[in-house]
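What follows is one structure encoded as structure tokens, with my remarks underneath.
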Amino acid sequence: MKKRILSGMRPTGRLHLGHYFGALQNWVRLQDEYDCYFEIADVQALTDNYDNPEKVQKNVREVMMDYLASGIDPKKSTIFIQSMIPEIAELTVFYSNLVTVARLYRNPTVKTEAKQKKVLFGNDGESITYGFLGYPVSQAADITAFCGEVIPVGDDQLPLIEQCREIVRKFNHIYGEILKEPEALLSENTRIKGLDGNKMSKSLNNAIYLSDTEEEILKKIMGAVTDPNKIKKDDPANPDVCMVYSYQKLVNPNIETVCAECKAGKRGCVACKKELVKCMIDYLKPIQEKRKYYEEHPEIVDDIMREGTAQARSEAQKMMSEVRKHMLINYFD
Ligand code: TRP
Ligand code: SF4
């Protein structure tokens, strides 16, 4: 039997190349070898966007289309919406008894994300909500509701998988051995930075989105940061410090030439960027064509969401009835 994969993303914006090369491309490859469940984690998105439900609602559809355009195939994999599986919320409540608040405060992922989002906790003050602090518990419910065994994630998520494993062990110890300890599967690609060398972010406008137009791609790449020591067109440069080069590596089949010419001072940055624009547009073409098809057929997207979610729900219901039985809360069975 194929092993079960579970992973997901939060619908807080359209997906960019960081999501694609860091996760989606990997997920697409895993679809044949594993029984895959891919979540659109809208409940998790609400932990820090609870005051902006419209944003989350809109992006559920955008992320769904980005998944499909990238090659997640609903015939092979189950794609579902987290909020439509109440069993996940139910499990989260039961798991919350198995985790101390102190342990959540110490979770490195929670710490880092709180800092990024300027949420205060510990000695710095207390603006963190119960939901934000507890999101590792909810993520443990995501994973175990579907008996997820292999969890493809970036290294930033490893503390969440560890937290899930602890919950599983504690649950099994108290209520009986029914949950599986999941394992993280680290994506091979190192994190790609934004075109300006910073972490990709919407506010810095330094990321290329899967759904960007050719003009947007052109504008973003022409403004990218290159080797700062290269002043004149024929100065030799160091591609390893150039953001344009790091993107060329992802999409340009003639990468050796780019590297050699850059080092030898035989390539100007403007020409190099134009070449990258062309390669990027070519690379994204099949993805964008697929996305366009789904944009024009919203009813097909609806069907895929509904069917995937129904399939996922029946799986979660089976799991939940086992959990209830073992926790002795199956009164009416
Ligand atoms: N926390 C993950 C992220 O921010 C998204 C996510 C939600 C997830 N549920 C999951 C990842 C379950 C793996 C398994 O990227
Ligand atoms: Fe970067 Fe290309 Fe300029 Fe070299 S020639 S520094 S790789 S943009």
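Just so we're on the same page: first chain in the structure tokens is A, next is B, and so on; residues restart at 1 for each chain, and ligands are numbered from 1 in the order they show up.
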Ligand 2: which residues are within 9 Å, counting only C-alpha atoms and all ligand atoms, as number ranges by chain? A: 224-230, 233-246, 248, 258-259, 261-263, 265-273, 276
Using the selection just defined, write its residues with N, CA and C atoms as a tab-separated table (two decimals), in the first residue's frame.
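What ended up in out-v2.tsv:
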```tsv
chain	number	residue	atom	x	y	z
A	224	ALA	N	15.89	43.54	-10.74
A	224	ALA	CA	16.52	42.61	-9.79
A	224	ALA	C	17.94	43.05	-9.44
A	225	VAL	N	18.41	42.57	-8.29
A	225	VAL	CA	19.75	42.91	-7.80
A	225	VAL	C	20.79	41.96	-8.40
A	226	THR	N	21.89	42.55	-8.94
A	226	THR	CA	22.96	41.74	-9.54
A	226	THR	C	24.21	41.89	-8.67
A	227	ASP	N	25.35	41.42	-9.19
A	227	ASP	CA	26.60	41.58	-8.43
A	227	ASP	C	26.90	43.08	-8.29
A	228	PRO	N	26.90	43.60	-7.06
A	228	PRO	CA	27.07	45.05	-6.89
A	228	PRO	C	28.45	45.55	-7.33
A	229	ASN	N	29.41	44.66	-7.45
A	229	ASN	CA	30.75	45.08	-7.89
A	229	ASN	C	30.88	45.21	-9.39
A	230	LYS	N	29.87	44.78	-10.10
A	230	LYS	CA	29.94	44.89	-11.56
A	230	LYS	C	29.36	46.24	-11.95
A	233	LYS	N	29.51	47.05	-18.34
A	233	LYS	CA	28.94	45.88	-19.02
A	233	LYS	C	29.93	44.73	-19.14
A	234	ASP	N	31.23	45.06	-19.38
A	234	ASP	CA	32.18	43.95	-19.57
A	234	ASP	C	33.10	43.71	-18.36
A	235	ASP	N	32.69	44.18	-17.19
A	235	ASP	CA	33.40	43.77	-15.97
A	235	ASP	C	33.11	42.30	-15.70
A	236	PRO	N	34.15	41.53	-15.33
A	236	PRO	CA	33.86	40.17	-14.87
A	236	PRO	C	33.10	40.24	-13.55
A	237	ALA	N	32.23	39.28	-13.30
A	237	ALA	CA	31.43	39.35	-12.07
A	237	ALA	C	31.33	37.98	-11.41
A	238	ASN	N	30.74	37.98	-10.24
A	238	ASN	CA	30.56	36.75	-9.48
A	238	ASN	C	29.08	36.35	-9.48
A	239	PRO	N	28.72	35.37	-10.29
A	239	PRO	CA	27.30	34.99	-10.38
A	239	PRO	C	26.72	34.53	-9.04
A	240	ASP	N	27.57	34.02	-8.17
A	240	ASP	CA	27.04	33.47	-6.91
A	240	ASP	C	26.45	34.53	-5.98
A	241	VAL	N	26.76	35.81	-6.24
A	241	VAL	CA	26.15	36.85	-5.39
A	241	VAL	C	25.04	37.59	-6.14
A	242	CYS	N	24.66	37.05	-7.32
A	242	CYS	CA	23.70	37.76	-8.17
A	242	CYS	C	22.32	37.07	-8.13
A	243	MET	N	21.29	37.84	-7.82
A	243	MET	CA	19.94	37.26	-7.75
A	243	MET	C	19.46	36.78	-9.12
A	244	VAL	N	19.85	37.52	-10.16
A	244	VAL	CA	19.45	37.11	-11.51
A	244	VAL	C	19.99	35.71	-11.80
A	245	TYR	N	21.24	35.49	-11.42
A	245	TYR	CA	21.83	34.18	-11.64
A	245	TYR	C	21.09	33.09	-10.86
A	246	SER	N	20.70	33.40	-9.64
A	246	SER	CA	20.03	32.35	-8.86
A	246	SER	C	18.69	31.96	-9.50
A	248	GLN	N	18.25	32.29	-12.90
A	248	GLN	CA	18.66	31.60	-14.13
A	248	GLN	C	18.82	30.10	-13.85
A	258	VAL	N	25.74	31.02	-19.14
A	258	VAL	CA	25.51	32.23	-18.34
A	258	VAL	C	26.64	32.40	-17.33
A	259	CYS	N	26.97	31.31	-16.66
A	259	CYS	CA	27.99	31.34	-15.61
A	259	CYS	C	29.35	31.73	-16.18
A	261	GLU	N	30.13	33.15	-19.09
A	261	GLU	CA	30.18	34.49	-19.68
A	261	GLU	C	30.19	35.57	-18.60
A	262	CYS	N	29.44	35.35	-17.54
A	262	CYS	CA	29.41	36.32	-16.44
A	262	CYS	C	30.79	36.45	-15.82
A	263	LYS	N	31.41	35.30	-15.55
A	263	LYS	CA	32.73	35.31	-14.90
A	263	LYS	C	33.79	35.93	-15.80
A	265	GLY	N	33.31	38.28	-17.99
A	265	GLY	CA	32.99	39.66	-18.40
A	265	GLY	C	32.48	39.75	-19.83
A	266	LYS	N	31.88	38.66	-20.30
A	266	LYS	CA	31.39	38.65	-21.68
A	266	LYS	C	29.87	38.78	-21.77
A	267	ARG	N	29.27	39.30	-20.71
A	267	ARG	CA	27.81	39.35	-20.67
A	267	ARG	C	27.40	40.57	-19.86
A	268	GLY	N	26.58	41.40	-20.44
A	268	GLY	CA	26.09	42.55	-19.69
A	268	GLY	C	24.86	42.15	-18.89
A	269	CYS	N	24.64	42.86	-17.79
A	269	CYS	CA	23.53	42.49	-16.92
A	269	CYS	C	22.16	42.72	-17.58
A	270	VAL	N	22.08	43.76	-18.39
A	270	VAL	CA	20.78	44.03	-19.02
A	270	VAL	C	20.41	42.89	-19.96
A	271	ALA	N	21.39	42.47	-20.79
A	271	ALA	CA	21.13	41.36	-21.71
A	271	ALA	C	20.82	40.08	-20.93
A	272	CYS	N	21.54	39.90	-19.85
A	272	CYS	CA	21.36	38.71	-19.03
A	272	CYS	C	19.95	38.67	-18.44
A	273	LYS	N	19.49	39.84	-17.99
A	273	LYS	CA	18.14	39.92	-17.44
A	273	LYS	C	17.09	39.65	-18.52
A	276	LEU	N	16.81	36.08	-19.03
A	276	LEU	CA	16.06	35.46	-17.93
A	276	LEU	C	14.55	35.67	-18.10
```
DSSP helix (DSSP H, G or I) residues within region 114-287 of chain A, listed as a VMD selection string: chain A and resid 114 to 116 122 to 124 130 to 133 135 to 145 155 to 175 214 to 222 239 to 241 243 to 251 255 to 264 269 to 287
List as a count of residues only the protein and nucleic acid residues lying within 7 Å of ligand 1, with only C-alpha atoms and all ligand atoms counted. 15
Between A:Leu195, A:Cys147, A:Ala102, A:Ile88, which has the minimum distance to Asp35 (chain A) (counting only C-alpha atoms)?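 Smallest separation from Asp35 (chain A) among the options: A:Cys147.
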Rounded to one decimal in Å, what is the spacing between CA of Ser314 (chain A) and CA of Pro74 (chain A)?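 Spanning CA of Ser314 (chain A) to CA of Pro74 (chain A) is a straight-line distance of 16.5 Å.
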Which of region 130-174 of chain A DSSP labels strand (DSSP E), written as an mmCIF file with C-alpha atoms, in the first residue's frame:
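Just written: part37.cif:
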```cif
data_model
loop_
_atom_site.group_PDB
_atom_site.id
_atom_site.type_symbol
_atom_site.label_atom_id
_atom_site.label_comp_id
_atom_site.auth_asym_id
_atom_site.auth_seq_id
_atom_site.Cartn_x
_atom_site.Cartn_y
_atom_site.Cartn_z
ATOM 1 C CA VAL A 150 5.040 11.533 5.356
ATOM 2 C CA ILE A 151 4.875 15.323 5.569
ATOM 3 C CA PRO A 152 6.735 17.254 2.865
ATOM 4 C CA VAL A 153 7.687 20.597 4.382
#
```
Which residues, written as an mmCIF file with C-alpha atoms, in the first residue's frame, have at least one atom at most 12 Å from region 82-85 of chain A, with only C-alpha atoms counted and residues fewer than 3 positions away on the same chain left out?
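As written to disk, out38.cif reads:
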```
data_model
loop_
_atom_site.group_PDB
_atom_site.id
_atom_site.type_symbol
_atom_site.label_atom_id
_atom_site.label_comp_id
_atom_site.auth_asym_id
_atom_site.auth_seq_id
_atom_site.Cartn_x
_atom_site.Cartn_y
_atom_site.Cartn_z
ATOM 1 C CA SER A 7 0.730 18.775 3.361
ATOM 2 C CA GLY A 8 -0.831 22.151 2.857
ATOM 3 C CA MET A 9 -0.522 25.886 2.449
ATOM 4 C CA ARG A 10 -2.295 28.867 3.884
ATOM 5 C CA PRO A 11 -4.432 30.833 1.461
ATOM 6 C CA TYR A 37 -3.702 14.777 0.536
ATOM 7 C CA PHE A 38 -3.116 18.481 -0.043
ATOM 8 C CA GLU A 39 -4.858 20.951 2.195
ATOM 9 C CA ILE A 40 -5.853 24.545 1.696
ATOM 10 C CA ALA A 41 -5.322 25.640 5.287
ATOM 11 C CA ASP A 42 -7.870 28.442 5.573
ATOM 12 C CA VAL A 43 -8.476 27.911 9.288
ATOM 13 C CA GLN A 44 -4.764 28.322 9.834
ATOM 14 C CA ALA A 45 -4.754 31.420 7.610
ATOM 15 C CA LEU A 46 -7.423 32.902 9.872
ATOM 16 C CA VAL A 56 -8.870 34.343 3.050
ATOM 17 C CA GLN A 57 -12.014 33.477 1.126
ATOM 18 C CA VAL A 60 -8.784 29.774 -1.192
ATOM 19 C CA ILE A 79 -7.244 18.479 -2.474
ATOM 20 C CA ILE A 88 -10.072 18.682 12.346
ATOM 21 C CA ALA A 89 -11.467 21.286 14.730
ATOM 22 C CA GLU A 90 -12.831 18.555 16.963
ATOM 23 C CA LEU A 91 -9.484 16.773 17.132
ATOM 24 C CA THR A 92 -7.761 20.082 17.872
ATOM 25 C CA SER A 138 -4.377 22.390 14.944
ATOM 26 C CA GLN A 139 -1.682 21.376 12.474
ATOM 27 C CA ALA A 141 -4.912 17.546 13.920
ATOM 28 C CA ASP A 142 -4.559 18.266 10.159
ATOM 29 C CA ILE A 143 -1.905 15.622 9.885
ATOM 30 C CA ALA A 145 -7.013 13.316 10.882
ATOM 31 C CA PHE A 146 -5.829 11.817 7.597
ATOM 32 C CA MET A 305 -12.899 21.420 -4.341
ATOM 33 C CA ARG A 306 -16.211 19.833 -3.416
ATOM 34 C CA GLU A 307 -15.240 16.298 -4.401
ATOM 35 C CA GLY A 308 -11.797 16.459 -2.795
ATOM 36 C CA THR A 309 -13.240 17.839 0.408
ATOM 37 C CA ALA A 310 -15.966 15.174 0.539
ATOM 38 C CA GLN A 311 -13.380 12.431 0.052
ATOM 39 C CA ALA A 312 -11.121 13.948 2.721
ATOM 40 C CA ARG A 313 -14.025 14.313 5.101
ATOM 41 C CA SER A 314 -15.012 10.674 4.910
ATOM 42 C CA GLU A 315 -11.417 9.772 5.728
ATOM 43 C CA ALA A 316 -11.389 12.156 8.716
ATOM 44 C CA GLN A 317 -14.731 10.801 9.939
ATOM 45 C CA MET A 320 -12.554 10.499 14.364
#
```
Contact residues around Ser70 (chain A) with only C-alpha atoms at 12 Å, ignoring same-chain residues under 6 positions, as a ChimeraX atom specification: /A:15-17,19-21,23-29,63-64,209-211,283-292,294
